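Visitor: Questions regarding the structure given below will be posed in turn.
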Amino acid sequence: MRAIIQRVAHASVTIDGSVKGRINQGFLVLFGAGEGDTFAQAELLAKKTAGMRVFCDAQGKMNLSLADVGGSVLVISQFTLYADCRRGNRPSFTGAAAPDKADELYEYYVKLLREEYGIADVQTGEFGADMKVELLNDGPVTIILDSVELERPRRENQG
């Protein structure tokens, strides 16, 4: 499972000319599920997303979370996060989860942000739709989360 998290001043998603979701300060999350991804990985990703301290405190240090700043989240499903560009010029997307499984994991991630982590304003796009996403990246701050990397034990500096 992969998430590209961008700290934004505002973001919105439009489908067929109508705004489906709009947030002010918070995160725009581009969310992709891969073949074999699990609910446990969605839980890990949601926990990391909700707890990420990348908003500035009074001293200008990135030390505050979404809850600390009353931030919102706009989650957009994006299977293209699993593009394999190793061969040729046309990406392969065979590493992406099947649409029904990907949608299930996407909805679960959104539910966790709302219910488990108490983020009051979680907006979404529409799974599988052609969406137009607008954002003002704040910082810019962009964080890449990959559930496979998050599950690996952290190696301590040796020396």
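By order of appearance in the structure tokens: chains A, B, ..., then residues from 1 within every chain, and ligands from 1 in the order shown.
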For Gly95 (chain A), work out the shell of residues within 12 Å, counting only C-alpha atoms and skipping chain neighbours fewer than 6 positions away, then give it as a list in words.
Guide: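 Counting only C-alpha atoms, the residues come to Met1, Arg2, Gly32, Ala33, Gly34, Glu35, Gly36, Asp37, Phe79, Thr80, Leu81, Tyr82, Ala83, Asp84, Cys85 and Ala102 of chain A.
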Visitor: Just write the chosen residues, N, CA, C and O atoms, as a short mmCIF file (atom, residue, chain, number, x, y, z; two decimals), in the first residue's frame.
Guide:
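For reference, part-v5.cif as written:
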```cif
data_model
loop_
_atom_site.label_atom_id
_atom_site.label_comp_id
_atom_site.auth_asym_id
_atom_site.auth_seq_id
_atom_site.Cartn_x
_atom_site.Cartn_y
_atom_site.Cartn_z
N MET A 1 0.85 -1.16 0.00
CA MET A 1 0.00 0.00 0.00
C MET A 1 0.90 1.23 0.00
O MET A 1 1.91 1.25 0.70
N ARG A 2 0.52 2.20 -0.78
CA ARG A 2 1.33 3.42 -0.88
C ARG A 2 0.45 4.64 -0.69
O ARG A 2 -0.70 4.67 -1.13
N GLY A 32 -2.83 4.34 -2.96
CA GLY A 32 -2.83 3.21 -3.89
C GLY A 32 -2.66 1.90 -3.16
O GLY A 32 -1.85 1.79 -2.24
N ALA A 33 -3.43 0.90 -3.56
CA ALA A 33 -3.33 -0.44 -2.97
C ALA A 33 -2.67 -1.37 -3.98
O ALA A 33 -2.98 -1.31 -5.18
N GLY A 34 -1.77 -2.20 -3.48
CA GLY A 34 -1.07 -3.15 -4.33
C GLY A 34 -1.59 -4.56 -4.16
O GLY A 34 -2.29 -4.87 -3.18
N GLU A 35 -1.25 -5.41 -5.10
CA GLU A 35 -1.63 -6.82 -5.05
C GLU A 35 -1.12 -7.42 -3.75
O GLU A 35 0.05 -7.26 -3.40
N GLY A 36 -2.00 -8.07 -2.99
CA GLY A 36 -1.61 -8.72 -1.75
C GLY A 36 -1.64 -7.83 -0.52
O GLY A 36 -1.34 -8.27 0.58
N ASP A 37 -2.01 -6.55 -0.67
CA ASP A 37 -2.09 -5.66 0.49
C ASP A 37 -3.21 -6.10 1.42
O ASP A 37 -4.19 -6.73 1.00
N PHE A 79 -4.41 4.23 -8.50
CA PHE A 79 -3.73 2.97 -8.81
C PHE A 79 -2.39 3.20 -9.49
O PHE A 79 -1.51 2.35 -9.46
N THR A 80 -2.19 4.36 -10.10
CA THR A 80 -0.95 4.63 -10.83
C THR A 80 0.26 4.73 -9.90
O THR A 80 1.39 4.75 -10.38
N LEU A 81 0.04 4.73 -8.60
CA LEU A 81 1.17 4.68 -7.66
C LEU A 81 1.91 3.35 -7.79
O LEU A 81 3.03 3.21 -7.30
N TYR A 82 1.28 2.38 -8.45
CA TYR A 82 1.92 1.09 -8.67
C TYR A 82 2.42 0.91 -10.09
O TYR A 82 2.60 -0.20 -10.57
N ALA A 83 2.71 2.02 -10.76
CA ALA A 83 3.26 1.96 -12.12
C ALA A 83 4.64 1.31 -12.09
O ALA A 83 5.49 1.65 -11.27
N ASP A 84 4.84 0.37 -12.98
CA ASP A 84 6.15 -0.27 -13.16
C ASP A 84 6.70 0.25 -14.48
O ASP A 84 6.17 -0.04 -15.55
N CYS A 85 7.76 1.03 -14.38
CA CYS A 85 8.33 1.69 -15.57
C CYS A 85 9.68 1.10 -15.97
O CYS A 85 10.45 1.72 -16.69
N ALA A 102 -8.92 -3.09 -4.04
CA ALA A 102 -8.35 -1.75 -3.84
C ALA A 102 -9.40 -0.80 -3.25
O ALA A 102 -9.11 -0.04 -2.33
#
```
Visitor: Do you know which residues are at most 9 Å from Arg53 (chain A) counting only C-alpha atoms, after dropping those on the same chain fewer than 2 positions away, and could you put them as a PDB file with N, CA, C and O atoms, in the first residue's frame?
Guide:
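The result, written out as result08.pdb:
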```
ATOM      1  N   ALA A  50      -2.335   9.837  10.393  1.00  0.00           N
ATOM      2  CA  ALA A  50      -2.965  10.646  11.445  1.00  0.00           C
ATOM      3  C   ALA A  50      -1.948  11.206  12.430  1.00  0.00           C
ATOM      4  O   ALA A  50      -2.107  12.322  12.937  1.00  0.00           O
ATOM      5  N   GLY A  51      -0.893  10.459  12.699  1.00  0.00           N
ATOM      6  CA  GLY A  51       0.076  10.884  13.707  1.00  0.00           C
ATOM      7  C   GLY A  51       1.242  11.689  13.178  1.00  0.00           C
ATOM      8  O   GLY A  51       2.056  12.203  13.968  1.00  0.00           O
ATOM      9  N   PHE A  55       3.292  19.738  10.726  1.00  0.00           N
ATOM     10  CA  PHE A  55       2.811  21.116  10.771  1.00  0.00           C
ATOM     11  C   PHE A  55       3.664  21.888  11.770  1.00  0.00           C
ATOM     12  O   PHE A  55       4.122  21.329  12.770  1.00  0.00           O
ATOM     13  N   CYS A  56       3.872  23.160  11.495  1.00  0.00           N
ATOM     14  CA  CYS A  56       4.806  23.966  12.299  1.00  0.00           C
ATOM     15  C   CYS A  56       4.204  24.428  13.615  1.00  0.00           C
ATOM     16  O   CYS A  56       3.052  24.862  13.671  1.00  0.00           O
ATOM     17  N   MET A  62       8.570  21.639  12.494  1.00  0.00           N
ATOM     18  CA  MET A  62       7.522  20.676  12.152  1.00  0.00           C
ATOM     19  C   MET A  62       7.363  19.729  13.333  1.00  0.00           C
ATOM     20  O   MET A  62       8.153  18.818  13.517  1.00  0.00           O
ATOM     21  N   ASN A  63       6.335  19.987  14.139  1.00  0.00           N
ATOM     22  CA  ASN A  63       6.169  19.258  15.382  1.00  0.00           C
ATOM     23  C   ASN A  63       4.698  18.975  15.710  1.00  0.00           C
ATOM     24  O   ASN A  63       4.411  18.404  16.741  1.00  0.00           O
ATOM     25  N   LEU A  64       3.769  19.398  14.845  1.00  0.00           N
ATOM     26  CA  LEU A  64       2.348  19.256  15.140  1.00  0.00           C
ATOM     27  C   LEU A  64       1.677  18.299  14.154  1.00  0.00           C
ATOM     28  O   LEU A  64       2.034  18.244  12.979  1.00  0.00           O
ATOM     29  N   SER A  65       0.668  17.580  14.645  1.00  0.00           N
ATOM     30  CA  SER A  65      -0.082  16.619  13.822  1.00  0.00           C
ATOM     31  C   SER A  65      -1.363  17.266  13.299  1.00  0.00           C
ATOM     32  O   SER A  65      -1.696  18.405  13.644  1.00  0.00           O
ATOM     33  N   LEU A  66      -2.095  16.510  12.494  1.00  0.00           N
ATOM     34  CA  LEU A  66      -3.398  16.960  12.005  1.00  0.00           C
ATOM     35  C   LEU A  66      -4.317  17.365  13.154  1.00  0.00           C
ATOM     36  O   LEU A  66      -4.958  18.417  13.098  1.00  0.00           O
ATOM     37  N   ASP A  68      -3.540  18.326  16.114  1.00  0.00           N
ATOM     38  CA  ASP A  68      -3.036  19.522  16.787  1.00  0.00           C
ATOM     39  C   ASP A  68      -3.460  20.810  16.085  1.00  0.00           C
ATOM     40  O   ASP A  68      -3.656  21.839  16.725  1.00  0.00           O
TER      41      ASP A  68
END
```
Visitor: Where in region 33-132 of chain A does DSSP assign strand (DSSP E), given as a PyMOL selection string?
Guide: chain A and resi 55-56+62-64+72-77+122-124+132
Visitor: Keeping only C-alpha atoms, write those residues as a PDB file, in the first residue's frame.
Guide:
```
ATOM      1  CA  PHE A  55       2.811  21.116  10.771  1.00  0.00           C
ATOM      2  CA  CYS A  56       4.806  23.966  12.299  1.00  0.00           C
ATOM      3  CA  MET A  62       7.522  20.676  12.152  1.00  0.00           C
ATOM      4  CA  ASN A  63       6.169  19.258  15.382  1.00  0.00           C
ATOM      5  CA  LEU A  64       2.348  19.256  15.140  1.00  0.00           C
ATOM      6  CA  SER A  72      -8.586  17.978   7.247  1.00  0.00           C
ATOM      7  CA  VAL A  73      -7.762  15.179   4.811  1.00  0.00           C
ATOM      8  CA  LEU A  74      -8.667  14.710   1.153  1.00  0.00           C
ATOM      9  CA  VAL A  75      -8.036  11.102   0.064  1.00  0.00           C
ATOM     10  CA  ILE A  76      -7.809  10.292  -3.644  1.00  0.00           C
ATOM     11  CA  SER A  77      -7.539   6.707  -4.925  1.00  0.00           C
ATOM     12  CA  VAL A 122     -12.125  13.541   5.749  1.00  0.00           C
ATOM     13  CA  GLN A 123     -13.163  14.172   2.158  1.00  0.00           C
ATOM     14  CA  THR A 124     -12.752  11.756  -0.748  1.00  0.00           C
ATOM     15  CA  LYS A 132      -9.309  16.720 -11.445  1.00  0.00           C
TER      16      LYS A 132
END
```
Visitor: Nearest to Glu43 (chain A) among A:Glu149, A:Asp130, A:Asp121, A:Glu116, with distances taken over only C-alpha atoms: which residue is it?
Guide: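 Smallest distance to Glu43 (chain A) is found for A:Glu116.
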Visitor: Do you have the CA of Met131 (chain A)-CA of Thr94 (chain A) distance handy?
Guide: 21.5 Å
Visitor: What's around region 17-19 of chain A at 12 Å? Count only C-alpha atoms, leave out sequence neighbours fewer than 2 positions away in its own chain, and write the answer as a PyMOL selection string.
Guide: chain A and resi 11-15+21-23+123-126+130-134
Visitor: Output C-alpha atoms for every residue in the selection just made, as a compact mmCIF listing (two decimals), in the first residue's frame.
Guide:
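Result file is again-v7.txt:
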```
# COMPACT_ATOMS: atom_id res chain seq x y z
CA ALA A 11 -7.08 21.09 -1.98
CA SER A 12 -10.11 20.00 -3.95
CA VAL A 13 -11.27 17.28 -6.30
CA THR A 14 -13.71 17.81 -9.16
CA ILE A 15 -15.60 15.07 -11.02
CA GLY A 21 -14.40 17.23 -1.97
CA ARG A 22 -12.67 20.36 -0.70
CA ILE A 23 -10.44 20.97 2.31
CA GLN A 123 -13.16 14.17 2.16
CA THR A 124 -12.75 11.76 -0.75
CA GLY A 125 -12.79 11.57 -4.48
CA GLU A 126 -14.67 8.77 -6.21
CA ASP A 130 -11.70 10.58 -13.80
CA MET A 131 -10.85 13.27 -11.26
CA LYS A 132 -9.31 16.72 -11.44
CA VAL A 133 -7.30 17.46 -8.32
CA GLU A 134 -6.16 20.95 -7.34
```
